[in-house]
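Shown next, in structure tokens, is the structure this report addresses.
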Amino acid sequence: MATDMTPPRPSDNASADAGAAAGALRGASTPLVEAHALGCERAGRLVVRGVAFALHPGESLLFSGPNGVGKSSLIRLIAGLLPVASGTLNVNVPVALSDENLALDTGLPLRDALGFWTRIDGASDLRLRAALEALDLMPLADIPVRMLSTGQRKRAMLVRVLASGAPLWLLDEPGNGLDGASLDRLGGAMTQHLAQGGAIIAASHFPLPLAFTSTLSLDGANA
Amino acid sequence: MTRWFWPLVWRDVVQAWRGGGIGMPVAFLLLVASLFPFAVGPDANLLGATGGGMLWIAALLAALLPVDRLVTPDRDAGVLDQLAVRGIPDEMIALAKLIAHWIGFGPPLMITALPAAALLKLSADTILRLEIGLAVGTPALAALGVLVASLTAGLRSSGALAGLLALPLAIPLLIFGAGSLSEGSGAAIKFLAAIALLLTALTPIAAGAALRAGRE
């Protein structure tokens, strides 16, 4: 078990110390991402605090918990889109993010809209093709993005993550809107990414088809 | 850096082209130039004397037309977030948008200024000075557009607010731009160039800070 699973509690800084100690014990390799006593502020309110974890290659972490407990905020924090309110966060590798925003040009065919991002990432077209096939979007590659359904859009956003080549995946509710077959494909893609030495941090309010190395339950006690 | 910079610029130019962001300023300038003689009368001397300044005002307003399309859609769609996740500095995003916005309206405006000037009976000398002034001044107009678009991104009725913010900042451009139209006005064009340089250099930094502050 690589990560500290202590759920965050108010007035409990022990979890941070435990995380630091665990990190020191493992010592040898630098984790892809590590956090100590991490806190996140939204609109002046501390929504999450005392989060500690460290992910090494092949490890995965799931933030679970009810709506509004701060799962997405944590993901955005790790992605560098929110300032760190307290504690420390070290992200040592490139990151790929899938959140609720499509960020694709809806007028373009799917292949071209995703192609923009593979160019930005410096990834090859082959990688994009493989990612499209992994999530069964190849048949839709020439359809304009605006014609895609909710689940297809979600898969398109996941394709961008798959094709990016970033070692650390940040997936915010990756299973939303996906049917059973697509969920299985997502599970397969995640397993493969971990097998190739990547790491995954996901946030979900329902079970995902992956045996996560560790789970951090945010229970809202800090809110 | 070039790996992602030019695709970013190119994407914005294509977006402007597809969204009508390039045709609109051109049509606007032509429309104003053809309406102006109706308003002040067909006196060639009067038109020649006032037309150049009027074209500068039209150019300024034309630059502000696509402002609500420059930043807000990308912010709402999460494009800016995805770029930030990839470690691309907000300043470079603003610079890419500045360049793309200028490509989208600067050269088309300079070309359109020719038939517009003909409609207003401007002399050949004035047209030449107008084109030189536009060549120097349009990057600053583009910078102003990107700056106010970044500042107002995510606000409601951002278009109107953008106009209110940009017009006072554009006064020096207008003074020296229109001032450079008369004969022997070398100083005015130098002042115009100085102000354009200042606006163009400051915009990526200021707009980048605005994009960063607007992230939530």
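Chain labels A, B, ... are given in the sequence in which chains occur in the structure tokens; within each chain residues are numbered consecutively from 1, and ligands are likewise numbered from 1 in the order shown.
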
Counting only C-alpha atoms, which residues in region 179-205 of chain A sit no more than 9 Å from region 146-156 of chain A? For each one, give the nearest pair of atoms and the distance in Å, sorted by chain then residue number, as CSV.
```
residue,atom,partner,partner_atom,distance
A:Asp179,CA,A:Gly151,CA,7.4
A:Ser182,CA,A:Arg155,CA,7.9
A:Leu186,CA,A:Arg155,CA,8.5
```

Ala194 (chain B) surroundings by only C-alpha atoms, 12 Å radius, close-in-sequence under 2 positions cut, as a JSON list (two decimals) with all heavy atoms, in the first residue's frame:
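And here's part_4.json as it stands now:
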```
[["chain", "number", "residue", "atom", "x", "y", "z"],
["B", 136, "VAL", "N", 0.90, 50.78, -38.03],
["B", 136, "VAL", "CA", 1.53, 50.95, -36.72],
["B", 136, "VAL", "C", 0.51, 50.79, -35.60],
["B", 136, "VAL", "O", 0.80, 50.22, -34.54],
["B", 136, "VAL", "CB", 2.19, 52.36, -36.64],
["B", 136, "VAL", "CG1", 2.70, 52.63, -35.24],
["B", 136, "VAL", "CG2", 3.32, 52.46, -37.65],
["B", 137, "GLY", "N", -0.70, 51.25, -35.84],
["B", 137, "GLY", "CA", -1.69, 51.33, -34.76],
["B", 137, "GLY", "C", -2.53, 50.10, -34.55],
["B", 137, "GLY", "O", -2.98, 49.84, -33.43],
["B", 139, "PRO", "N", -1.79, 46.85, -34.34],
["B", 139, "PRO", "CA", -1.37, 45.92, -33.28],
["B", 139, "PRO", "C", -1.80, 46.40, -31.89],
["B", 139, "PRO", "O", -2.18, 45.60, -31.04],
["B", 139, "PRO", "CB", 0.16, 45.91, -33.41],
["B", 139, "PRO", "CG", 0.43, 46.25, -34.82],
["B", 139, "PRO", "CD", -0.66, 47.23, -35.20],
["B", 140, "ALA", "N", -1.76, 47.73, -31.70],
["B", 140, "ALA", "CA", -2.18, 48.26, -30.41],
["B", 140, "ALA", "C", -3.68, 48.10, -30.21],
["B", 140, "ALA", "O", -4.15, 47.80, -29.11],
["B", 140, "ALA", "CB", -1.80, 49.73, -30.30],
["B", 172, "PRO", "N", -5.27, 57.96, -26.69],
["B", 172, "PRO", "CA", -3.98, 58.36, -27.26],
["B", 172, "PRO", "C", -3.78, 57.83, -28.68],
["B", 172, "PRO", "O", -3.23, 58.55, -29.53],
["B", 172, "PRO", "CB", -2.95, 57.74, -26.31],
["B", 172, "PRO", "CG", -3.68, 57.36, -25.09],
["B", 172, "PRO", "CD", -5.12, 57.19, -25.44],
["B", 173, "LEU", "N", -4.23, 56.59, -28.90],
["B", 173, "LEU", "CA", -4.11, 56.03, -30.26],
["B", 173, "LEU", "C", -4.86, 56.89, -31.26],
["B", 173, "LEU", "O", -4.39, 57.16, -32.37],
["B", 173, "LEU", "CB", -4.68, 54.62, -30.29],
["B", 173, "LEU", "CG", -3.83, 53.50, -29.69],
["B", 173, "LEU", "CD1", -4.61, 52.20, -29.71],
["B", 173, "LEU", "CD2", -2.54, 53.37, -30.45],
["B", 176, "PHE", "N", -3.08, 60.46, -31.84],
["B", 176, "PHE", "CA", -1.89, 60.45, -32.68],
["B", 176, "PHE", "C", -2.14, 59.77, -34.01],
["B", 176, "PHE", "O", -1.48, 60.08, -34.99],
["B", 176, "PHE", "CB", -0.73, 59.81, -31.93],
["B", 176, "PHE", "CG", -0.32, 60.60, -30.71],
["B", 176, "PHE", "CD1", -0.45, 60.07, -29.45],
["B", 176, "PHE", "CD2", 0.16, 61.89, -30.85],
["B", 176, "PHE", "CE1", -0.09, 60.81, -28.33],
["B", 176, "PHE", "CE2", 0.51, 62.64, -29.74],
["B", 176, "PHE", "CZ", 0.39, 62.09, -28.47],
["B", 177, "GLY", "N", -3.08, 58.84, -34.04],
["B", 177, "GLY", "CA", -3.43, 58.19, -35.30],
["B", 177, "GLY", "C", -4.05, 59.19, -36.26],
["B", 177, "GLY", "O", -3.59, 59.36, -37.40],
["B", 187, "ALA", "N", 6.11, 63.64, -36.08],
["B", 187, "ALA", "CA", 6.13, 63.45, -34.63],
["B", 187, "ALA", "C", 4.94, 62.62, -34.19],
["B", 187, "ALA", "O", 5.07, 61.74, -33.33],
["B", 187, "ALA", "CB", 6.12, 64.80, -33.93],
["B", 188, "ALA", "N", 3.77, 62.87, -34.83],
["B", 188, "ALA", "CA", 2.56, 62.15, -34.41],
["B", 188, "ALA", "C", 2.72, 60.66, -34.65],
["B", 188, "ALA", "O", 2.35, 59.84, -33.80],
["B", 188, "ALA", "CB", 1.35, 62.69, -35.18],
["B", 189, "ILE", "N", 3.31, 60.30, -35.78],
["B", 189, "ILE", "CA", 3.45, 58.86, -36.08],
["B", 189, "ILE", "C", 4.45, 58.22, -35.12],
["B", 189, "ILE", "O", 4.29, 57.06, -34.73],
["B", 189, "ILE", "CB", 3.87, 58.65, -37.56],
["B", 189, "ILE", "CG1", 3.58, 57.21, -38.01],
["B", 189, "ILE", "CG2", 5.32, 58.91, -37.79],
["B", 189, "ILE", "CD1", 2.24, 57.07, -38.64],
["B", 190, "LYS", "N", 5.44, 58.99, -34.67],
["B", 190, "LYS", "CA", 6.39, 58.44, -33.70],
["B", 190, "LYS", "C", 5.71, 58.23, -32.36],
["B", 190, "LYS", "O", 5.93, 57.22, -31.68],
["B", 190, "LYS", "CB", 7.61, 59.38, -33.56],
["B", 190, "LYS", "CG", 8.59, 59.24, -34.71],
["B", 190, "LYS", "CD", 9.68, 60.26, -34.62],
["B", 190, "LYS", "CE", 10.41, 60.38, -35.94],
["B", 190, "LYS", "NZ", 11.11, 61.66, -36.08],
["B", 191, "PHE", "N", 4.89, 59.21, -31.97],
["B", 191, "PHE", "CA", 4.13, 59.03, -30.72],
["B", 191, "PHE", "C", 3.19, 57.84, -30.83],
["B", 191, "PHE", "O", 3.05, 57.05, -29.89],
["B", 191, "PHE", "CB", 3.33, 60.30, -30.40],
["B", 191, "PHE", "CG", 4.10, 61.30, -29.60],
["B", 191, "PHE", "CD1", 4.44, 62.53, -30.13],
["B", 191, "PHE", "CD2", 4.47, 61.01, -28.29],
["B", 191, "PHE", "CE1", 5.16, 63.45, -29.39],
["B", 191, "PHE", "CE2", 5.19, 61.93, -27.55],
["B", 191, "PHE", "CZ", 5.54, 63.15, -28.10],
["B", 192, "LEU", "N", 2.54, 57.71, -31.99],
["B", 192, "LEU", "CA", 1.63, 56.58, -32.21],
["B", 192, "LEU", "C", 2.40, 55.26, -32.06],
["B", 192, "LEU", "O", 1.95, 54.33, -31.38],
["B", 192, "LEU", "CB", 1.02, 56.67, -33.61],
["B", 192, "LEU", "CG", 0.04, 55.56, -34.00],
["B", 192, "LEU", "CD1", -1.20, 55.63, -33.14],
["B", 192, "LEU", "CD2", -0.32, 55.66, -35.47],
["B", 196, "ALA", "N", 1.76, 52.41, -29.32],
["B", 196, "ALA", "CA", 1.44, 51.07, -29.81],
["B", 196, "ALA", "C", 2.39, 50.04, -29.20],
["B", 196, "ALA", "O", 1.99, 48.96, -28.78],
["B", 196, "ALA", "CB", 1.51, 51.03, -31.33],
["B", 197, "LEU", "N", 3.67, 50.43, -29.15],
["B", 197, "LEU", "CA", 4.67, 49.52, -28.57],
["B", 197, "LEU", "C", 4.35, 49.25, -27.11],
["B", 197, "LEU", "O", 4.39, 48.11, -26.64],
["B", 197, "LEU", "CB", 6.06, 50.15, -28.72],
["B", 197, "LEU", "CG", 7.25, 49.25, -28.45],
["B", 197, "LEU", "CD1", 7.26, 48.10, -29.43],
["B", 197, "LEU", "CD2", 8.55, 50.04, -28.53],
["B", 198, "LEU", "N", 4.03, 50.30, -26.39],
["B", 198, "LEU", "CA", 3.72, 50.16, -24.97],
["B", 198, "LEU", "C", 2.53, 49.22, -24.76],
["B", 198, "LEU", "O", 2.59, 48.27, -23.97],
["B", 198, "LEU", "CB", 3.42, 51.53, -24.37],
["B", 198, "LEU", "CG", 3.18, 51.58, -22.87],
["B", 198, "LEU", "CD1", 4.47, 51.37, -22.12],
["B", 198, "LEU", "CD2", 2.55, 52.91, -22.46],
["B", 199, "LEU", "N", 1.45, 49.47, -25.49],
["B", 199, "LEU", "CA", 0.23, 48.65, -25.33],
["B", 199, "LEU", "C", 0.50, 47.19, -25.71],
["B", 199, "LEU", "O", 0.08, 46.26, -25.01],
["B", 199, "LEU", "CB", -0.90, 49.21, -26.19],
["B", 199, "LEU", "CG", -1.76, 50.30, -25.57],
["B", 199, "LEU", "CD1", -2.73, 50.82, -26.60],
["B", 199, "LEU", "CD2", -2.52, 49.76, -24.38],
["B", 200, "THR", "N", 1.21, 47.01, -26.83],
["B", 200, "THR", "CA", 1.46, 45.65, -27.30],
["B", 200, "THR", "C", 2.37, 44.89, -26.34],
["B", 200, "THR", "O", 2.21, 43.69, -26.14],
["B", 200, "THR", "CB", 2.10, 45.69, -28.71],
["B", 200, "THR", "OG1", 1.42, 46.67, -29.49],
["B", 200, "THR", "CG2", 1.98, 44.36, -29.40],
["B", 201, "ALA", "N", 3.32, 45.59, -25.74],
["B", 201, "ALA", "CA", 4.25, 44.92, -24.83],
["B", 201, "ALA", "C", 3.59, 44.62, -23.49],
["B", 201, "ALA", "O", 3.86, 43.60, -22.87],
["B", 201, "ALA", "CB", 5.50, 45.78, -24.63]]
```

Please find the residues of chain A near chain B - the criterion being any atom within 7 Å, counting only C-alpha atoms - and write them as a list of chain:residue names.
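For chain A, the answer reads A:Ala79, A:Gly80, A:Leu81, A:Leu82, A:Val95, A:Asn101, A:Leu102, A:Ala103, A:Arg119, A:Ile120, A:Gly122.
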
Would you mind listing what lies within 8 Å of Ala117 (chain B) as a ChimeraX atom specification, with only C-alpha atoms counted and same-chain residues fewer than 4 positions away left out?
/B:33,51-52,55,113,121-122,127

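Among the candidates A:Leu183, A:Leu168, A:Leu110, A:Ala35, the residue lying nearest to Gly198 (chain A) is A:Leu168 (atoms considered: only C-alpha atoms).
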
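Using only C-alpha atoms, the smallest distance between any of A:Ala134, A:Ala54, A:Leu158, A:Leu128 and Ala199 (chain A) comes from A:Ala54.
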
Taking only C-alpha atoms into account, which of B:Pro89, B:Gly163, B:Pro66, B:Gly21 comes nearest Ile205 (chain B)?
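Checking each of B:Pro89, B:Gly163, B:Pro66, B:Gly21 against Ile205 (chain B), counting only C-alpha atoms, the winner is B:Pro89.
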
I'd like the neighbourhood of Leu155 (chain B) as a PyMOL selection string, where a residue qualifies if any of its atoms comes within 12 Å (using only C-alpha atoms), though same-chain residues fewer than 6 positions away should be ignored.
chain B and resi 68+71-73+75-76+148-149+161-162+214

One residue among B:Leu64, B:Leu119, B:Met92, B:Ala206 is nearest to Phe38 (chain B) when using only C-alpha atoms, and that residue is B:Leu119

So that I can check the secondary structure, give me every residue of region 59-185 of chain B assigned helix (DSSP H, G or I) by backbone DSSP, as a count of residues only.
105

I need the residues in region 77-174 of chain A that are strand (DSSP E or B) according to DSSP; give them as an MDAnalysis selection string.
chainID A and resid 86:91 95:98 109 144 168:172

Output for the residues just chosen: all heavy atoms as a tab-separated table (two decimals), in the first residue's frame:
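What landed in result-v7.tsv:
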```tsv
chain	number	residue	atom	x	y	z
A	86	SER	N	-3.10	25.39	1.93
A	86	SER	CA	-2.24	25.00	3.04
A	86	SER	C	-1.58	23.67	2.69
A	86	SER	O	-2.06	22.93	1.83
A	86	SER	CB	-3.05	24.87	4.33
A	86	SER	OG	-4.02	23.85	4.18
A	87	GLY	N	-0.49	23.37	3.39
A	87	GLY	CA	0.22	22.13	3.12
A	87	GLY	C	1.12	22.25	1.90
A	87	GLY	O	1.35	23.35	1.39
A	88	THR	N	1.64	21.10	1.45
A	88	THR	CA	2.53	21.12	0.29
A	88	THR	C	2.03	20.13	-0.75
A	88	THR	O	1.41	19.13	-0.42
A	88	THR	CB	3.96	20.71	0.68
A	88	THR	OG1	3.92	19.42	1.27
A	88	THR	CG2	4.57	21.70	1.64
A	89	LEU	N	2.32	20.47	-2.01
A	89	LEU	CA	1.95	19.61	-3.13
A	89	LEU	C	3.12	19.62	-4.11
A	89	LEU	O	3.57	20.68	-4.53
A	89	LEU	CB	0.68	20.15	-3.81
A	89	LEU	CG	0.28	19.47	-5.12
A	89	LEU	CD1	-0.23	18.06	-4.86
A	89	LEU	CD2	-0.78	20.28	-5.84
A	90	ASN	N	3.62	18.43	-4.42
A	90	ASN	CA	4.68	18.32	-5.42
A	90	ASN	C	4.21	17.44	-6.56
A	90	ASN	O	3.97	16.26	-6.36
A	90	ASN	CB	5.95	17.71	-4.81
A	90	ASN	CG	6.60	18.65	-3.82
A	90	ASN	OD1	6.68	19.85	-4.05
A	90	ASN	ND2	7.03	18.10	-2.70
A	91	VAL	N	4.05	18.05	-7.73
A	91	VAL	CA	3.71	17.27	-8.92
A	91	VAL	C	4.97	17.23	-9.78
A	91	VAL	O	5.43	18.27	-10.25
A	91	VAL	CB	2.54	17.91	-9.68
A	91	VAL	CG1	2.17	17.06	-10.88
A	91	VAL	CG2	1.33	18.05	-8.76
A	95	VAL	N	0.96	16.30	-16.49
A	95	VAL	CA	-0.35	15.87	-16.01
A	95	VAL	C	-1.35	15.97	-17.16
A	95	VAL	O	-1.24	16.85	-18.01
A	95	VAL	CB	-0.80	16.80	-14.86
A	95	VAL	CG1	-2.24	16.56	-14.50
A	95	VAL	CG2	0.09	16.59	-13.64
A	96	ALA	N	-2.30	15.04	-17.21
A	96	ALA	CA	-3.43	15.16	-18.14
A	96	ALA	C	-4.71	15.19	-17.32
A	96	ALA	O	-4.85	14.43	-16.37
A	96	ALA	CB	-3.45	13.99	-19.12
A	97	LEU	N	-5.61	16.09	-17.69
A	97	LEU	CA	-6.82	16.30	-16.89
A	97	LEU	C	-8.07	16.06	-17.73
A	97	LEU	O	-8.16	16.49	-18.87
A	97	LEU	CB	-6.83	17.74	-16.36
A	97	LEU	CG	-8.14	18.25	-15.75
A	97	LEU	CD1	-8.35	17.66	-14.36
A	97	LEU	CD2	-8.15	19.77	-15.67
A	98	SER	N	-9.01	15.35	-17.13
A	98	SER	CA	-10.34	15.26	-17.73
A	98	SER	C	-11.33	15.71	-16.68
A	98	SER	O	-11.47	15.07	-15.65
A	98	SER	CB	-10.62	13.82	-18.17
A	98	SER	OG	-12.01	13.62	-18.28
A	109	PRO	N	-14.55	18.21	-36.98
A	109	PRO	CA	-14.66	16.76	-36.79
A	109	PRO	C	-13.84	16.33	-35.58
A	109	PRO	O	-12.83	16.96	-35.27
A	109	PRO	CB	-14.06	16.18	-38.08
A	109	PRO	CG	-14.08	17.29	-39.06
A	109	PRO	CD	-13.99	18.57	-38.28
A	144	PRO	N	-18.67	15.83	-36.65
A	144	PRO	CA	-18.41	17.06	-35.89
A	144	PRO	C	-18.70	16.86	-34.40
A	144	PRO	O	-19.66	16.16	-34.04
A	144	PRO	CB	-19.39	18.07	-36.49
A	144	PRO	CG	-19.74	17.53	-37.82
A	144	PRO	CD	-19.64	16.04	-37.72
A	168	LEU	N	0.79	11.15	-15.38
A	168	LEU	CA	-0.21	11.24	-14.31
A	168	LEU	C	-1.56	11.67	-14.89
A	168	LEU	O	-1.66	12.73	-15.51
A	168	LEU	CB	0.25	12.26	-13.24
A	168	LEU	CG	-0.73	12.53	-12.10
A	168	LEU	CD1	-1.04	11.25	-11.33
A	168	LEU	CD2	-0.21	13.60	-11.17
A	169	TRP	N	-2.57	10.84	-14.70
A	169	TRP	CA	-3.92	11.16	-15.15
A	169	TRP	C	-4.74	11.68	-13.99
A	169	TRP	O	-4.77	11.07	-12.92
A	169	TRP	CB	-4.61	9.91	-15.71
A	169	TRP	CG	-4.07	9.41	-16.99
A	169	TRP	CD1	-3.01	9.91	-17.69
A	169	TRP	CD2	-4.55	8.29	-17.74
A	169	TRP	NE1	-2.81	9.18	-18.83
A	169	TRP	CE2	-3.72	8.18	-18.88
A	169	TRP	CE3	-5.59	7.39	-17.56
A	169	TRP	CZ2	-3.92	7.19	-19.83
A	169	TRP	CZ3	-5.78	6.39	-18.51
A	169	TRP	CH2	-4.95	6.30	-19.63
A	170	LEU	N	-5.43	12.78	-14.21
A	170	LEU	CA	-6.37	13.29	-13.23
A	170	LEU	C	-7.76	13.19	-13.85
A	170	LEU	O	-8.07	13.87	-14.83
A	170	LEU	CB	-6.06	14.76	-12.89
A	170	LEU	CG	-4.70	15.01	-12.24
A	170	LEU	CD1	-4.47	16.51	-12.07
A	170	LEU	CD2	-4.61	14.32	-10.90
A	171	LEU	N	-8.59	12.33	-13.31
A	171	LEU	CA	-9.89	12.07	-13.91
A	171	LEU	C	-10.98	12.47	-12.92
A	171	LEU	O	-11.12	11.88	-11.85
A	171	LEU	CB	-10.03	10.59	-14.27
A	171	LEU	CG	-8.89	9.99	-15.10
A	171	LEU	CD1	-9.09	8.50	-15.30
A	171	LEU	CD2	-8.76	10.69	-16.43
A	172	ASP	N	-11.74	13.49	-13.29
A	172	ASP	CA	-12.84	13.95	-12.44
A	172	ASP	C	-14.13	13.33	-12.96
A	172	ASP	O	-14.58	13.68	-14.05
A	172	ASP	CB	-12.89	15.48	-12.46
A	172	ASP	CG	-13.87	16.01	-11.43
A	172	ASP	OD1	-14.40	15.20	-10.64
A	172	ASP	OD2	-14.11	17.23	-11.43
```

Using only C-alpha atoms, which of B:Ser158, B:Phe105, B:Ile171, B:Asp90 sits nearest Ala213 (chain B)?
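So, comparing all the options, the nearest one is B:Asp90.
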
From the options A:Asp99, A:Ala141, A:Ile201, A:Ala189, which residue's atoms come nearest to Met157 (chain A), counting only C-alpha atoms?
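The answer is A:Asp99, which sits nearest to Met157 (chain A).
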